[in-house]
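One structure is given below, encoded as structure tokens.
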Protein chains: 2
Amino acid sequence: MVGEKAISKAVIKRLPRYYRYLSELMDSGVERISSGELSGRMHVTASQIRQDLNNFGGFGQQGYGYNVQYLYEEIGKILGLDKRHNMIIIGAGNLGQALANYENFEARGFVTKAIFDKNPELSGKKVRDIQVYKMEELEGFLANNEIEIAALAIPKTGAIVVAQRLVNCGIKAIWNFAHTDLNLPKDVMVENVHLSESLMRLSYNINRHEMEQSVK
Amino acid sequence: MVGEKAISKAVIKRLPRYYRYLSELMDSGVERISSGELSGRMHVTASQIRQDLNNFGGFGQQGYGYNVQYLYEEIGKILGLDKRHNMIIIGAGNLGQALANYENFEARGFVTKAIFDKNPELSGKKVRDIQVYKMEELEGFLANNEIEIAALAIPKTGAIVVAQRLVNCGIKAIWNFAHTDLNLPKDVMVENVHLSESLMRLSYNINRHEMEQSVK
């Protein structure tokens with residue numbers, strides 16, 4: 001089982017992208033692909049691809065190529081996508097609703113079981129078929145349902161308090177969209193999506209590009 | 001002017017986080033901070049902080065600390081936040097609306113001027129005070145307005161075609177939420193936010209954590 005081998009953090013960061021490309025190849029009926037062809041599609045060097053995928057055993061011999069489905073499934077296992085992950089979303093605003101509406105997440109095994117919002121007027125409403133509950137119902141819900149992931153789709157204010165409530169209920173994985181660091185115990189996994197930082201990186205690149213142009 | 005010095009990509013990636021912490025320090029009235037104190041808050045080593053911030057000149061002498069506002073402003077300049085960036089959003093779905101509703105972006109100089117959606121029924125509606133236009137109006141709007149950034153808040157299907165239309169109109173910066181690579185000319189800057197890849201990284205960490213627990 002390849003999952004027990006240590007794989008570097010940098011490779012892990014790239015795995016979801018391989019997974020996406022392999023999924024697209026499968027959709028178009030491709031069964032085998034060489035590192036050279038994959039390199040052309042992904043705009044990554046073939047040697048990088050060979051190095052990365054060597055982590056998954058001795059597939060991809062010269063002139064033979066990678067078995068697309070096998071690689072897809074192995075990477076899926078490493079990423080934990082062969083299991084079902086129950087999720088809740090905190091915040092029924094636009095972002096929370098957007099997350100609840102992504103049917104693709106469900107196809108990957110991430111199933112949203114409930115949404116919580118501090119606005120009691122939203123209680124009982126549904127996004128797709130997912131019910132919105134009051135924040136007071138959070139602890140009771142988590143005691144009676146096996147939930148692994150909580151997505152925090154709420155503003156910075158309140159995020160730290162809510163994160164602490166989630167941790168108190170035994171939640172070990174938080175997908176954090178609030179624009180703040182949560183500083184939770186080490187055994188709680190946090191994946192941050194800081195949108196404004198992403199926008200700042202874009203703005204940095206615009207700025208740098210303009211400077212380069214003006215130098216030319 | 002520090003902006004012309006070459007700063008490594010890794011430092012650039014960390015700058016928005018420094019910017020956020022410095023902004024919070026300013027809000028709480030802190031004028032000076034030592035690398036040690038900042039280290040404690042940010043959970044980064046003090047030596048990392050000193051190294052990173054040394055890119056911005058000889059501030060932060062031993063025992064004296066960093067001038068919070070100066071550093072905040074210098075990092076802001078590097079990130080291009082001292083300029084106004086006009087933006088449009090493609091897609092008036094939940095995600096597009098969420099982006100349009102973030103007032104914080106505007107506070108940082110990112111001003112959304114219009115939203116475009118392929119559903120003609122949304123045309124003329126408003127999100128905050130931002131009008132939704134028909135996709136057919138895109139080229140005309142871009143010809144008559146100075147827009148720098150386009151946020152692509154639409155599904156994968158269609159994203160590549162729309163991105164090409166934007167590039168044809170001279171857009172040089174795309175904030176891409178569509179779950180696909182855009183493969184645009186090199187002078188077009190693309191910042192990807194692939195939410196499902198972020199979720200997969202979280203799932204990988206859950207998986208790895210469970211394995212580690214079961215070994216114990």
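The chains in the structure tokens are called A, B, ... from first to last as shown; in each chain the residues are counted from 1, and the ligands are counted from 1 in the order shown.
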Compile a residue-level contact table for region 88-158 of chain B against region 72-94 of chain A at a cut-off of 12 Å, reporting for every qualifying residue the shortest atom pair and its distance in Å to one decimal, with only C-alpha atoms counted, rows ordered by chain and ascending number, as CSV.
```
residue,atom,partner,partner_atom,distance
B:Ala92,CA,A:Asn94,CA,10.6
B:Gly93,CA,A:Asn94,CA,8.6
B:Asn94,CA,A:Asn94,CA,4.9
B:Leu95,CA,A:Asn94,CA,6.4
B:Gly96,CA,A:Asn94,CA,8.5
B:Gln97,CA,A:Asn94,CA,6.3
B:Ala98,CA,A:Asn94,CA,4.8
B:Leu99,CA,A:Asn94,CA,8.6
B:Ala100,CA,A:Asn94,CA,9.8
B:Asn101,CA,A:Asn94,CA,8.4
B:Tyr102,CA,A:Asn94,CA,10.2
B:Val127,CA,A:Asn94,CA,11.2
```
**Message:** Using DSSP assignments from the backbone, pull out every residue in region 24-214 of chain B that falls under helix (DSSP H, G or I) and give it to me as a PyMOL selection string.
**Reply:** chain B and resi 24-27+35-42+46-56+68-78+94-101+103-107+120-122+135-144+156-168+195-214
For the residues in that selection, give me C-alpha atoms as a tab-separated table (two decimals), in the first residue's frame.
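Heads up, here's the output in result.tsv:
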```
chain	number	residue	atom	x	y	z
B	24	GLU	CA	-4.29	44.38	13.10
B	25	LEU	CA	-1.43	45.83	15.15
B	26	MET	CA	-2.19	49.30	13.78
B	27	ASP	CA	-5.86	48.83	14.64
B	35	SER	CA	10.61	40.45	15.70
B	36	GLY	CA	10.27	38.36	18.87
B	37	GLU	CA	6.80	39.70	19.68
B	38	LEU	CA	5.67	39.40	16.06
B	39	SER	CA	7.07	35.86	16.05
B	40	GLY	CA	4.91	34.97	19.05
B	41	ARG	CA	1.78	36.28	17.38
B	42	MET	CA	2.38	34.86	13.92
B	46	ALA	CA	11.86	35.44	14.81
B	47	SER	CA	14.78	34.73	12.51
B	48	GLN	CA	12.41	34.05	9.61
B	49	ILE	CA	10.69	37.36	10.31
B	50	ARG	CA	14.00	39.23	10.47
B	51	GLN	CA	15.12	37.65	7.21
B	52	ASP	CA	11.84	38.41	5.45
B	53	LEU	CA	11.56	41.97	6.66
B	54	ASN	CA	15.21	42.74	5.93
B	55	ASN	CA	14.05	42.92	2.33
B	56	PHE	CA	12.47	46.21	3.28
B	68	VAL	CA	4.49	49.10	12.34
B	69	GLN	CA	2.97	51.75	10.12
B	70	TYR	CA	6.08	52.21	7.99
B	71	LEU	CA	6.40	48.48	7.40
B	72	TYR	CA	2.67	48.20	6.67
B	73	GLU	CA	2.89	50.93	4.07
B	74	GLU	CA	6.04	49.58	2.43
B	75	ILE	CA	4.59	46.08	2.15
B	76	GLY	CA	1.38	47.62	0.82
B	77	LYS	CA	3.39	49.35	-1.94
B	78	ILE	CA	5.17	46.12	-2.87
B	94	ASN	CA	-23.38	32.58	-5.16
B	95	LEU	CA	-19.63	32.85	-5.51
B	96	GLY	CA	-19.74	35.92	-7.76
B	97	GLN	CA	-22.14	37.57	-5.33
B	98	ALA	CA	-19.95	36.63	-2.38
B	99	LEU	CA	-16.98	38.33	-4.08
B	100	ALA	CA	-19.07	41.39	-4.93
B	101	ASN	CA	-20.21	41.62	-1.33
B	103	GLU	CA	-16.45	45.25	1.28
B	104	ASN	CA	-12.94	44.55	2.51
B	105	PHE	CA	-11.66	44.21	-1.05
B	106	GLU	CA	-12.80	47.75	-1.75
B	107	ALA	CA	-11.04	48.97	1.38
B	120	PRO	CA	-30.14	37.43	-19.24
B	121	GLU	CA	-32.79	37.49	-16.50
B	122	LEU	CA	-30.18	38.75	-14.03
B	135	MET	CA	-22.35	38.56	-21.33
B	136	GLU	CA	-22.90	40.20	-24.75
B	137	GLU	CA	-22.15	43.54	-23.14
B	138	LEU	CA	-18.67	42.44	-21.99
B	139	GLU	CA	-16.60	43.72	-24.91
B	140	GLY	CA	-18.41	47.07	-25.03
B	141	PHE	CA	-18.01	47.59	-21.30
B	142	LEU	CA	-14.29	46.79	-21.36
B	143	ALA	CA	-13.76	49.16	-24.28
B	144	ASN	CA	-15.31	52.01	-22.30
B	156	LYS	CA	-15.15	25.03	-15.68
B	157	THR	CA	-17.28	24.75	-18.82
B	158	GLY	CA	-17.11	28.06	-20.57
B	159	ALA	CA	-14.27	29.42	-18.43
B	160	ILE	CA	-11.62	28.99	-21.11
B	161	VAL	CA	-13.74	30.69	-23.78
B	162	VAL	CA	-14.60	33.59	-21.48
B	163	ALA	CA	-10.96	33.95	-20.42
B	164	GLN	CA	-9.98	34.24	-24.08
B	165	ARG	CA	-12.60	36.93	-24.63
B	166	LEU	CA	-11.21	38.86	-21.66
B	167	VAL	CA	-7.66	38.56	-22.98
B	168	ASN	CA	-8.81	39.72	-26.42
B	195	LEU	CA	-11.43	25.24	-3.96
B	196	SER	CA	-11.72	21.51	-4.51
B	197	GLU	CA	-7.91	21.18	-4.47
B	198	SER	CA	-7.86	22.98	-1.15
B	199	LEU	CA	-10.49	20.55	0.16
B	200	MET	CA	-8.39	17.62	-1.07
B	201	ARG	CA	-5.37	18.90	0.86
B	202	LEU	CA	-7.51	18.98	3.98
B	203	SER	CA	-8.69	15.46	3.28
B	204	TYR	CA	-5.08	14.32	2.75
B	205	ASN	CA	-4.17	15.71	6.16
B	206	ILE	CA	-7.13	13.97	7.81
B	207	ASN	CA	-6.07	10.72	6.17
B	208	ARG	CA	-2.43	11.05	7.21
B	209	HIS	CA	-3.43	12.00	10.74
B	210	GLU	CA	-5.64	8.91	11.03
B	211	MET	CA	-2.80	6.69	9.84
B	212	GLU	CA	-0.43	8.21	12.37
B	213	GLN	CA	-2.98	7.68	15.14
B	214	SER	CA	-3.50	4.06	14.19
```
Would you give me, as a PyMOL selection string, the residues in region 12-196 of chain A that DSSP reads as strand (DSSP E or B)?
-> chain A and resi 32-33+66-67+85-90+110-117+126-127+130-134+149-152+173-176+189-192
- For Ala178 (chain A), list every protein, DNA or RNA residue within 8 Å, evaluated using only C-alpha atoms, and leave out those in the same chain fewer than 5 positions away; present the list as number ranges by chain. A: 152-156, 159, 193-194
Across B:Lys118, B:Lys186, B:Lys125, B:Lys113, the smallest distance to chain A, with only C-alpha atoms counted, is shown by B:Lys186
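For the atom pair formed by CA of Lys9 (chain A) and CA of Gly170 (chain A), the distance is 26.0 Å, given to one decimal.
Checking B:Lys13, B:Tyr18, B:Glu31, B:Ile7 one by one against chain A, counting only C-alpha atoms, you find the shortest gap at B:Lys13.
CA of Cys169 (chain B) to CA of Ile149 (chain B) spans 11.8 Å [interatomic distance, one decimal].
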